[in-house]
Amino acid sequence: MELSPRLHTIAQQVPMGARLVDVGTDHGYLPVWLLLNHQIKSAVAADLREGPLSHARETSRQHGLSESISFRLCDGLADIKADEVDTVVLAGMGGETIAAILKAAPWTRQEKLLILQPMTGAPRLRLWLQDHGYTIIKEAICCEGKKLYSIWIVAGGVMPPLSPAEQWAGVNCSVALRLDYLNMLESKAEKALCGHKAAQIPEQAAIAYLEEVLTGLREMKKELESNDHSS
Ligand SMILES: C[S@@+](CC[C@H](N)C(=O)[O-])C[C@H]1O[C@@H](n2cnc3c(N)ncnc32)[C@H](O)[C@@H]1O
């Protein structure tokens, strides 16, 4: 069984011997792959809907793992006990959904490793994490098709205040695909800024914020490029 590049990058972040819950598991590819590769000790596969969860049951049956995974039909982490997992994956969902799931399970701040991969709303989710006692330890970037995805390793803790550009891109660091990621965000911010400037009643606060985002993103790019030249 092969994982997509995005799921494979997520799998690489899961610690050896983890007791995992994959929230919004859909086909259950991640827990099945991790069990087949002997990377995790136990797996809970959770989903809000019966359809995806039955796909996950089918994937596990095909690989002889029906008895090895605990399946939960629930909203977020509602039916997961804090002491049965040490690693929580929330991937392929919107940032608002991820925040709502974490909000309803404050135990995720205590000695758990969270692997988050929001599909939308990354700036707001980074801010939400900062305001709710979580810290982003590390970010990885991967490319699937023409899209770039960022994957965050998060734990309970204090995160230093994020600048507007850091809300968009995370703290600058020299990881694979970082420059492509910054370029992608720069064009997204430029488009958003153009949209705001062209509005009949331009929102000055939004314009000032996006200008700050763009300045910060460009500084990050320069920093990366100068690091590349000096190494
Ligand atoms: C696009 S799939 C992502 C599947 C997989 N996690 C991945 O990254 O490829 C999103 C899944 O999240 C589930 N989902 C959405 N909201 C949820 C919630 N509040 N609690 C649990 N699962 C949820 C959906 O039913 C769907 O199966």
# chains A, B, ... in the order shown; residues from 1 in each chain; ligands from 1

$ residues_around --residues "range 176-179 of chain A" --least-positions-apart "6" --cutoff "9 Å" --atoms "only C-alpha atoms" --output "number ranges by chain"
A: 140-143, 148, 220-221, 224-225

$ write_last_selection --atoms "all heavy atoms" --output "short mmCIF file (atom, residue, chain, number, x, y, z; two decimals), in the first residue's frame"
data_model
loop_
_atom_site.label_atom_id
_atom_site.label_comp_id
_atom_site.auth_asym_id
_atom_site.auth_seq_id
_atom_site.Cartn_x
_atom_site.Cartn_y
_atom_site.Cartn_z
N ALA A 140 6.50 21.17 8.40
CA ALA A 140 7.07 20.53 7.20
C ALA A 140 6.21 20.95 6.01
O ALA A 140 5.03 21.29 6.19
CB ALA A 140 7.06 19.02 7.36
N ILE A 141 6.79 20.93 4.84
CA ILE A 141 6.03 21.29 3.64
C ILE A 141 6.15 20.14 2.64
O ILE A 141 7.22 19.54 2.51
CB ILE A 141 6.59 22.59 3.02
CG1 ILE A 141 6.51 23.73 4.04
CG2 ILE A 141 5.83 22.98 1.75
CD1 ILE A 141 7.41 24.90 3.71
N CYS A 142 5.02 19.83 2.00
CA CYS A 142 5.13 18.81 0.95
C CYS A 142 4.35 19.26 -0.27
O CYS A 142 3.52 20.17 -0.20
CB CYS A 142 4.65 17.45 1.44
SG CYS A 142 2.89 17.35 1.60
N CYS A 143 4.65 18.60 -1.37
CA CYS A 143 4.02 18.96 -2.64
C CYS A 143 3.26 17.74 -3.16
O CYS A 143 3.81 16.63 -3.20
CB CYS A 143 5.13 19.36 -3.62
SG CYS A 143 4.49 19.82 -5.22
N LEU A 148 0.91 22.79 -2.58
CA LEU A 148 1.82 22.68 -1.44
C LEU A 148 0.98 22.60 -0.16
O LEU A 148 -0.02 23.29 -0.03
CB LEU A 148 2.71 23.91 -1.36
CG LEU A 148 3.73 24.08 -2.49
CD1 LEU A 148 4.39 25.44 -2.40
CD2 LEU A 148 4.78 22.97 -2.45
N MET A 220 11.27 37.25 4.67
CA MET A 220 11.57 35.82 4.89
C MET A 220 12.28 35.24 3.68
O MET A 220 13.22 34.46 3.80
CB MET A 220 10.28 35.04 5.15
CG MET A 220 9.67 35.23 6.51
SD MET A 220 8.18 34.20 6.63
CE MET A 220 7.61 34.61 8.27
N LYS A 221 11.81 35.62 2.48
CA LYS A 221 12.42 35.08 1.26
C LYS A 221 13.88 35.53 1.16
O LYS A 221 14.77 34.73 0.86
CB LYS A 221 11.65 35.58 0.02
CG LYS A 221 10.37 34.81 -0.21
CD LYS A 221 9.52 35.38 -1.31
CE LYS A 221 10.22 35.50 -2.62
NZ LYS A 221 9.34 35.99 -3.70
N LEU A 224 16.03 33.60 3.58
CA LEU A 224 16.31 32.24 3.08
C LEU A 224 17.37 32.26 1.99
O LEU A 224 18.29 31.45 1.98
CB LEU A 224 15.05 31.63 2.48
CG LEU A 224 14.07 30.87 3.37
CD1 LEU A 224 13.06 30.17 2.49
CD2 LEU A 224 14.78 29.88 4.26
N GLU A 225 17.20 33.23 1.06
CA GLU A 225 18.14 33.31 -0.07
C GLU A 225 19.54 33.65 0.42
O GLU A 225 20.52 33.09 -0.06
CB GLU A 225 17.63 34.33 -1.11
CG GLU A 225 16.50 33.72 -1.94
CD GLU A 225 15.62 34.76 -2.63
OE1 GLU A 225 15.78 35.97 -2.35
OE2 GLU A 225 14.77 34.36 -3.43
#

$ residues_near_ligand --ligand "ligand 1" --cutoff "10 Å" --atoms "only C-alpha atoms and all ligand atoms" --output "ChimeraX atom specification"
/A:3-4,6-7,10,22-30,45-53,55-56,72-78,89-94,96-101,116-119

$ write_last_selection --atoms "C-alpha atoms" --output "PDB file, in the first residue's frame"
ATOM      1  CA  LEU A   3       0.424   6.717   0.644  1.00  0.00           C
ATOM      2  CA  SER A   4      -0.011   9.958  -1.272  1.00  0.00           C
ATOM      3  CA  ARG A   6       0.822  14.478   1.628  1.00  0.00           C
ATOM      4  CA  LEU A   7      -0.167  11.514   3.809  1.00  0.00           C
ATOM      5  CA  ILE A  10       2.265  13.241   7.766  1.00  0.00           C
ATOM      6  CA  ASP A  22      -6.513   9.748  13.258  1.00  0.00           C
ATOM      7  CA  VAL A  23      -9.459  12.157  13.414  1.00  0.00           C
ATOM      8  CA  GLY A  24     -11.337  12.459  10.111  1.00  0.00           C
ATOM      9  CA  THR A  25      -9.674   9.258   8.970  1.00  0.00           C
ATOM     10  CA  ASP A  26     -11.863   8.834   5.851  1.00  0.00           C
ATOM     11  CA  HIS A  27     -10.411   5.730   4.106  1.00  0.00           C
ATOM     12  CA  GLY A  28      -8.179   4.983   7.071  1.00  0.00           C
ATOM     13  CA  TYR A  29      -5.064   4.937   4.896  1.00  0.00           C
ATOM     14  CA  LEU A  30      -2.841   6.600   7.495  1.00  0.00           C
ATOM     15  CA  ALA A  45      -9.642   5.697  13.463  1.00  0.00           C
ATOM     16  CA  ALA A  46     -12.374   8.290  14.007  1.00  0.00           C
ATOM     17  CA  ASP A  47     -14.781   9.993  11.668  1.00  0.00           C
ATOM     18  CA  LEU A  48     -17.917  12.062  11.932  1.00  0.00           C
ATOM     19  CA  ARG A  49     -19.693  10.105   9.217  1.00  0.00           C
ATOM     20  CA  GLU A  50     -20.524   6.449   8.787  1.00  0.00           C
ATOM     21  CA  GLY A  51     -19.626   6.395   5.042  1.00  0.00           C
ATOM     22  CA  PRO A  52     -15.947   7.306   5.493  1.00  0.00           C
ATOM     23  CA  LEU A  53     -15.665   5.111   8.572  1.00  0.00           C
ATOM     24  CA  HIS A  55     -14.302   2.828   3.996  1.00  0.00           C
ATOM     25  CA  ALA A  56     -11.718   2.773   6.798  1.00  0.00           C
ATOM     26  CA  ARG A  72     -15.125   5.504  16.431  1.00  0.00           C
ATOM     27  CA  LEU A  73     -18.073   7.275  14.884  1.00  0.00           C
ATOM     28  CA  CYS A  74     -17.910  10.659  16.599  1.00  0.00           C
ATOM     29  CA  ASP A  75     -17.424  14.381  16.250  1.00  0.00           C
ATOM     30  CA  GLY A  76     -13.719  15.119  16.595  1.00  0.00           C
ATOM     31  CA  LEU A  77     -12.285  13.599  19.767  1.00  0.00           C
ATOM     32  CA  ALA A  78     -15.637  13.269  21.567  1.00  0.00           C
ATOM     33  CA  VAL A  89      -3.596  13.577  13.729  1.00  0.00           C
ATOM     34  CA  LEU A  90      -6.047  16.126  12.333  1.00  0.00           C
ATOM     35  CA  ALA A  91      -5.434  16.312   8.605  1.00  0.00           C
ATOM     36  CA  GLY A  92      -7.295  17.267   5.467  1.00  0.00           C
ATOM     37  CA  MET A  93      -9.849  19.397   7.314  1.00  0.00           C
ATOM     38  CA  GLY A  94     -10.527  23.131   7.431  1.00  0.00           C
ATOM     39  CA  GLU A  96     -11.954  26.152  11.749  1.00  0.00           C
ATOM     40  CA  THR A  97     -12.974  22.517  12.155  1.00  0.00           C
ATOM     41  CA  ILE A  98      -9.543  21.670  13.590  1.00  0.00           C
ATOM     42  CA  ALA A  99      -9.815  24.539  16.104  1.00  0.00           C
ATOM     43  CA  ALA A 100     -13.345  23.477  17.104  1.00  0.00           C
ATOM     44  CA  ILE A 101     -12.194  19.877  17.651  1.00  0.00           C
ATOM     45  CA  LEU A 116      -2.129  19.198  12.077  1.00  0.00           C
ATOM     46  CA  GLN A 117      -2.603  19.729   8.362  1.00  0.00           C
ATOM     47  CA  PRO A 118      -5.272  22.346   7.686  1.00  0.00           C
ATOM     48  CA  MET A 119      -6.636  22.625   4.143  1.00  0.00           C
TER      49      MET A 119
END

$ residues_around --residues "Ala155 in chain A" --least-positions-apart "3" --cutoff "9 Å" --atoms "only C-alpha atoms" --output "list in words"
Thr108, Arg109, Gln110, Glu111, Lys112, Leu113, Leu114, Ile115, Gly133, Tyr134, Thr135, Ile136 and Ile137 of chain A

$ closest_residue --among "A:Arg57, A:Ala189, A:Ala82, A:Glu67" --to "Thr215 in chain A" --atoms "only C-alpha atoms"
A:Ala189

$ atom_distance --atom1 "CA of Pro5 in chain A" --atom2 "CA of Trp128 in chain A"
27.1 Å

$ closest_residue --among "A:Asp180, A:Glu2, A:Asp79, A:Glu186" --to "Ala105 in chain A" --atoms "only C-alpha atoms"
A:Asp79

$ select_by_dssp --residues "range 1-104 of chain A" --states "alpha helix (DSSP H)" --output "PyMOL selection string"
chain A and resi 5-13+29-36+50-62+95-103

$ select_by_dssp --residues "range 4-82 of chain A" --states "strand (DSSP E)" --output "ChimeraX atom specification"
/A:18-23,40-47,69-73

$ write_last_selection --atoms "N, CA and C atoms" --output "tab-separated table (two decimals), in the first residue's frame"
chain	number	residue	atom	x	y	z
A	18	ALA	N	4.00	5.19	18.58
A	18	ALA	CA	2.91	6.09	19.01
A	18	ALA	C	1.61	5.32	19.24
A	19	ARG	N	0.79	5.85	20.13
A	19	ARG	CA	-0.60	5.40	20.28
A	19	ARG	C	-1.44	6.50	19.62
A	20	LEU	N	-1.89	6.19	18.42
A	20	LEU	CA	-2.39	7.23	17.50
A	20	LEU	C	-3.91	7.29	17.43
A	21	VAL	N	-4.43	8.51	17.31
A	21	VAL	CA	-5.81	8.65	16.82
A	21	VAL	C	-5.74	9.50	15.57
A	22	ASP	N	-6.42	9.01	14.51
A	22	ASP	CA	-6.51	9.75	13.26
A	22	ASP	C	-7.95	10.26	13.16
A	23	VAL	N	-8.10	11.56	13.41
A	23	VAL	CA	-9.46	12.16	13.41
A	23	VAL	C	-9.80	12.58	11.99
A	40	ILE	N	3.54	2.23	14.67
A	40	ILE	CA	2.75	2.65	15.83
A	40	ILE	C	2.32	1.44	16.65
A	41	LYS	N	2.05	1.72	17.92
A	41	LYS	CA	1.67	0.65	18.85
A	41	LYS	C	0.17	0.36	18.73
A	42	SER	N	-0.64	1.41	18.60
A	42	SER	CA	-2.09	1.22	18.50
A	42	SER	C	-2.70	2.34	17.67
A	43	ALA	N	-3.91	2.07	17.17
A	43	ALA	CA	-4.56	3.07	16.31
A	43	ALA	C	-6.05	3.14	16.58
A	44	VAL	N	-6.53	4.39	16.71
A	44	VAL	CA	-7.97	4.66	16.71
A	44	VAL	C	-8.24	5.43	15.42
A	45	ALA	N	-9.25	4.98	14.68
A	45	ALA	CA	-9.64	5.70	13.46
A	45	ALA	C	-11.02	6.30	13.72
A	46	ALA	N	-11.11	7.63	13.66
A	46	ALA	CA	-12.37	8.29	14.01
A	46	ALA	C	-12.88	9.11	12.83
A	47	ASP	N	-14.19	9.13	12.68
A	47	ASP	CA	-14.78	9.99	11.67
A	47	ASP	C	-16.20	10.37	12.10
A	69	ILE	N	-7.46	-2.10	14.73
A	69	ILE	CA	-7.83	-0.68	14.78
A	69	ILE	C	-9.16	-0.54	15.51
A	70	SER	N	-9.25	0.46	16.36
A	70	SER	CA	-10.51	0.75	17.04
A	70	SER	C	-11.21	1.87	16.27
A	71	PHE	N	-12.44	1.61	15.83
A	71	PHE	CA	-13.15	2.58	14.99
A	71	PHE	C	-14.15	3.36	15.85
A	72	ARG	N	-14.20	4.67	15.65
A	72	ARG	CA	-15.13	5.50	16.43
A	72	ARG	C	-15.90	6.43	15.50
A	73	LEU	N	-17.22	6.35	15.62
A	73	LEU	CA	-18.07	7.28	14.88
A	73	LEU	C	-18.38	8.43	15.83

$ atom_distance --atom1 "CA of Val158 in chain A" --atom2 "CA of Leu127 in chain A"
12.0 Å

$ atom_distance --atom1 "CA of Arg218 in chain A" --atom2 "CA of Thr120 in chain A"
21.9 Å

$ closest_residue --among "A:Glu203, A:Glu58, A:Glu211, A:Glu219" --to "Val171 in chain A" --atoms "only C-alpha atoms"
A:Glu219

$ decode --residues "range 80-114 of chain A" --atoms "N, CA, C and O atoms" --output "PDB file, in the first residue's frame"
ATOM      1  N   ILE A  80     -12.979   9.787  22.336  1.00  0.00           N
ATOM      2  CA  ILE A  80     -11.609   9.312  22.558  1.00  0.00           C
ATOM      3  C   ILE A  80     -11.206   9.721  23.977  1.00  0.00           C
ATOM      4  O   ILE A  80     -11.379  10.888  24.362  1.00  0.00           O
ATOM      5  N   LYS A  81     -10.676   8.771  24.722  1.00  0.00           N
ATOM      6  CA  LYS A  81     -10.225   9.104  26.085  1.00  0.00           C
ATOM      7  C   LYS A  81      -8.781   9.589  26.026  1.00  0.00           C
ATOM      8  O   LYS A  81      -7.960   9.034  25.281  1.00  0.00           O
ATOM      9  N   ALA A  82      -8.490  10.573  26.856  1.00  0.00           N
ATOM     10  CA  ALA A  82      -7.144  11.171  26.838  1.00  0.00           C
ATOM     11  C   ALA A  82      -6.058  10.127  27.057  1.00  0.00           C
ATOM     12  O   ALA A  82      -4.989  10.196  26.446  1.00  0.00           O
ATOM     13  N   ASP A  83      -6.342   9.116  27.902  1.00  0.00           N
ATOM     14  CA  ASP A  83      -5.260   8.187  28.246  1.00  0.00           C
ATOM     15  C   ASP A  83      -5.093   7.039  27.242  1.00  0.00           C
ATOM     16  O   ASP A  83      -4.236   6.187  27.423  1.00  0.00           O
ATOM     17  N   GLU A  84      -5.899   7.013  26.185  1.00  0.00           N
ATOM     18  CA  GLU A  84      -5.701   5.914  25.226  1.00  0.00           C
ATOM     19  C   GLU A  84      -4.825   6.315  24.035  1.00  0.00           C
ATOM     20  O   GLU A  84      -4.484   5.463  23.208  1.00  0.00           O
ATOM     21  N   VAL A  85      -4.473   7.598  23.921  1.00  0.00           N
ATOM     22  CA  VAL A  85      -3.628   8.041  22.795  1.00  0.00           C
ATOM     23  C   VAL A  85      -2.553   9.011  23.279  1.00  0.00           C
ATOM     24  O   VAL A  85      -2.719   9.683  24.300  1.00  0.00           O
ATOM     25  N   ASP A  86      -1.443   9.052  22.531  1.00  0.00           N
ATOM     26  CA  ASP A  86      -0.445  10.093  22.816  1.00  0.00           C
ATOM     27  C   ASP A  86      -0.174  10.965  21.588  1.00  0.00           C
ATOM     28  O   ASP A  86       0.535  11.967  21.670  1.00  0.00           O
ATOM     29  N   THR A  87      -0.723  10.572  20.454  1.00  0.00           N
ATOM     30  CA  THR A  87      -0.498  11.315  19.204  1.00  0.00           C
ATOM     31  C   THR A  87      -1.836  11.489  18.481  1.00  0.00           C
ATOM     32  O   THR A  87      -2.563  10.515  18.283  1.00  0.00           O
ATOM     33  N   VAL A  88      -2.124  12.728  18.120  1.00  0.00           N
ATOM     34  CA  VAL A  88      -3.412  13.044  17.488  1.00  0.00           C
ATOM     35  C   VAL A  88      -3.151  13.629  16.107  1.00  0.00           C
ATOM     36  O   VAL A  88      -2.439  14.626  15.995  1.00  0.00           O
ATOM     37  N   VAL A  89      -3.716  13.016  15.082  1.00  0.00           N
ATOM     38  CA  VAL A  89      -3.596  13.577  13.729  1.00  0.00           C
ATOM     39  C   VAL A  89      -4.930  14.193  13.324  1.00  0.00           C
ATOM     40  O   VAL A  89      -5.984  13.566  13.467  1.00  0.00           O
ATOM     41  N   LEU A  90      -4.863  15.439  12.883  1.00  0.00           N
ATOM     42  CA  LEU A  90      -6.047  16.126  12.333  1.00  0.00           C
ATOM     43  C   LEU A  90      -5.616  16.657  10.974  1.00  0.00           C
ATOM     44  O   LEU A  90      -4.937  17.689  10.895  1.00  0.00           O
ATOM     45  N   ALA A  91      -5.952  15.953   9.934  1.00  0.00           N
ATOM     46  CA  ALA A  91      -5.434  16.312   8.605  1.00  0.00           C
ATOM     47  C   ALA A  91      -6.556  16.358   7.578  1.00  0.00           C
ATOM     48  O   ALA A  91      -7.562  15.652   7.696  1.00  0.00           O
ATOM     49  N   GLY A  92      -6.360  17.216   6.582  1.00  0.00           N
ATOM     50  CA  GLY A  92      -7.295  17.267   5.467  1.00  0.00           C
ATOM     51  C   GLY A  92      -8.615  17.919   5.817  1.00  0.00           C
ATOM     52  O   GLY A  92      -9.615  17.715   5.129  1.00  0.00           O
ATOM     53  N   MET A  93      -8.621  18.703   6.904  1.00  0.00           N
ATOM     54  CA  MET A  93      -9.849  19.397   7.314  1.00  0.00           C
ATOM     55  C   MET A  93      -9.597  20.897   7.324  1.00  0.00           C
ATOM     56  O   MET A  93      -8.440  21.335   7.383  1.00  0.00           O
ATOM     57  N   GLY A  94     -10.677  21.682   7.352  1.00  0.00           N
ATOM     58  CA  GLY A  94     -10.527  23.131   7.431  1.00  0.00           C
ATOM     59  C   GLY A  94      -9.969  23.550   8.791  1.00  0.00           C
ATOM     60  O   GLY A  94     -10.162  22.860   9.794  1.00  0.00           O
ATOM     61  N   GLY A  95      -9.286  24.681   8.805  1.00  0.00           N
ATOM     62  CA  GLY A  95      -8.697  25.185  10.044  1.00  0.00           C
ATOM     63  C   GLY A  95      -9.733  25.420  11.133  1.00  0.00           C
ATOM     64  O   GLY A  95      -9.474  25.164  12.311  1.00  0.00           O
ATOM     65  N   GLU A  96     -10.916  25.883  10.737  1.00  0.00           N
ATOM     66  CA  GLU A  96     -11.954  26.152  11.749  1.00  0.00           C
ATOM     67  C   GLU A  96     -12.425  24.869  12.401  1.00  0.00           C
ATOM     68  O   GLU A  96     -12.680  24.819  13.599  1.00  0.00           O
ATOM     69  N   THR A  97     -12.559  23.823  11.611  1.00  0.00           N
ATOM     70  CA  THR A  97     -12.974  22.517  12.155  1.00  0.00           C
ATOM     71  C   THR A  97     -11.906  22.001  13.115  1.00  0.00           C
ATOM     72  O   THR A  97     -12.222  21.511  14.210  1.00  0.00           O
ATOM     73  N   ILE A  98     -10.632  22.139  12.724  1.00  0.00           N
ATOM     74  CA  ILE A  98      -9.543  21.670  13.590  1.00  0.00           C
ATOM     75  C   ILE A  98      -9.581  22.421  14.927  1.00  0.00           C
ATOM     76  O   ILE A  98      -9.490  21.810  16.003  1.00  0.00           O
ATOM     77  N   ALA A  99      -9.761  23.751  14.865  1.00  0.00           N
ATOM     78  CA  ALA A  99      -9.815  24.539  16.104  1.00  0.00           C
ATOM     79  C   ALA A  99     -11.001  24.098  16.964  1.00  0.00           C
ATOM     80  O   ALA A  99     -10.871  23.952  18.191  1.00  0.00           O
ATOM     81  N   ALA A 100     -12.154  23.873  16.332  1.00  0.00           N
ATOM     82  CA  ALA A 100     -13.345  23.477  17.104  1.00  0.00           C
ATOM     83  C   ALA A 100     -13.118  22.125  17.781  1.00  0.00           C
ATOM     84  O   ALA A 100     -13.525  21.916  18.939  1.00  0.00           O
ATOM     85  N   ILE A 101     -12.458  21.212  17.080  1.00  0.00           N
ATOM     86  CA  ILE A 101     -12.194  19.877  17.651  1.00  0.00           C
ATOM     87  C   ILE A 101     -11.241  19.995  18.848  1.00  0.00           C
ATOM     88  O   ILE A 101     -11.461  19.382  19.899  1.00  0.00           O
ATOM     89  N   LEU A 102     -10.199  20.812  18.714  1.00  0.00           N
ATOM     90  CA  LEU A 102      -9.242  20.977  19.825  1.00  0.00           C
ATOM     91  C   LEU A 102      -9.904  21.696  20.999  1.00  0.00           C
ATOM     92  O   LEU A 102      -9.673  21.357  22.155  1.00  0.00           O
ATOM     93  N   LYS A 103     -10.745  22.672  20.698  1.00  0.00           N
ATOM     94  CA  LYS A 103     -11.419  23.431  21.759  1.00  0.00           C
ATOM     95  C   LYS A 103     -12.263  22.505  22.634  1.00  0.00           C
ATOM     96  O   LYS A 103     -12.333  22.662  23.846  1.00  0.00           O
ATOM     97  N   ALA A 104     -12.898  21.537  21.971  1.00  0.00           N
ATOM     98  CA  ALA A 104     -13.768  20.603  22.712  1.00  0.00           C
ATOM     99  C   ALA A 104     -12.968  19.519  23.437  1.00  0.00           C
ATOM    100  O   ALA A 104     -13.546  18.718  24.168  1.00  0.00           O
ATOM    101  N   ALA A 105     -11.661  19.488  23.240  1.00  0.00           N
ATOM    102  CA  ALA A 105     -10.830  18.452  23.885  1.00  0.00           C
ATOM    103  C   ALA A 105      -9.578  19.097  24.473  1.00  0.00           C
ATOM    104  O   ALA A 105      -8.461  18.887  23.982  1.00  0.00           O
ATOM    105  N   PRO A 106      -9.744  19.884  25.545  1.00  0.00           N
ATOM    106  CA  PRO A 106      -8.591  20.607  26.104  1.00  0.00           C
ATOM    107  C   PRO A 106      -7.476  19.692  26.591  1.00  0.00           C
ATOM    108  O   PRO A 106      -6.335  20.144  26.744  1.00  0.00           O
ATOM    109  N   TRP A 107      -7.774  18.418  26.810  1.00  0.00           N
ATOM    110  CA  TRP A 107      -6.717  17.468  27.210  1.00  0.00           C
ATOM    111  C   TRP A 107      -5.622  17.338  26.149  1.00  0.00           C
ATOM    112  O   TRP A 107      -4.523  16.858  26.445  1.00  0.00           O
ATOM    113  N   THR A 108      -5.898  17.790  24.928  1.00  0.00           N
ATOM    114  CA  THR A 108      -4.875  17.697  23.872  1.00  0.00           C
ATOM    115  C   THR A 108      -3.682  18.615  24.160  1.00  0.00           C
ATOM    116  O   THR A 108      -2.652  18.526  23.493  1.00  0.00           O
ATOM    117  N   ARG A 109      -3.837  19.516  25.161  1.00  0.00           N
ATOM    118  CA  ARG A 109      -2.710  20.404  25.530  1.00  0.00           C
ATOM    119  C   ARG A 109      -1.742  19.704  26.472  1.00  0.00           C
ATOM    120  O   ARG A 109      -0.672  20.217  26.744  1.00  0.00           O
ATOM    121  N   GLN A 110      -2.167  18.542  26.999  1.00  0.00           N
ATOM    122  CA  GLN A 110      -1.337  17.909  28.038  1.00  0.00           C
ATOM    123  C   GLN A 110      -0.594  16.675  27.523  1.00  0.00           C
ATOM    124  O   GLN A 110      -1.204  15.621  27.316  1.00  0.00           O
ATOM    125  N   GLU A 111       0.690  16.860  27.327  1.00  0.00           N
ATOM    126  CA  GLU A 111       1.579  15.756  26.964  1.00  0.00           C
ATOM    127  C   GLU A 111       1.105  14.946  25.763  1.00  0.00           C
ATOM    128  O   GLU A 111       1.180  13.711  25.761  1.00  0.00           O
ATOM    129  N   LYS A 112       0.556  15.621  24.791  1.00  0.00           N
ATOM    130  CA  LYS A 112       0.180  14.955  23.528  1.00  0.00           C
ATOM    131  C   LYS A 112       0.936  15.627  22.394  1.00  0.00           C
ATOM    132  O   LYS A 112       1.249  16.826  22.457  1.00  0.00           O
ATOM    133  N   LEU A 113       1.198  14.831  21.384  1.00  0.00           N
ATOM    134  CA  LEU A 113       1.782  15.388  20.162  1.00  0.00           C
ATOM    135  C   LEU A 113       0.649  15.513  19.147  1.00  0.00           C
ATOM    136  O   LEU A 113      -0.083  14.538  18.914  1.00  0.00           O
ATOM    137  N   LEU A 114       0.504  16.681  18.571  1.00  0.00           N
ATOM    138  CA  LEU A 114      -0.555  16.886  17.575  1.00  0.00           C
ATOM    139  C   LEU A 114       0.093  17.090  16.213  1.00  0.00           C
ATOM    140  O   LEU A 114       1.092  17.828  16.094  1.00  0.00           O
TER     141      LEU A 114
END
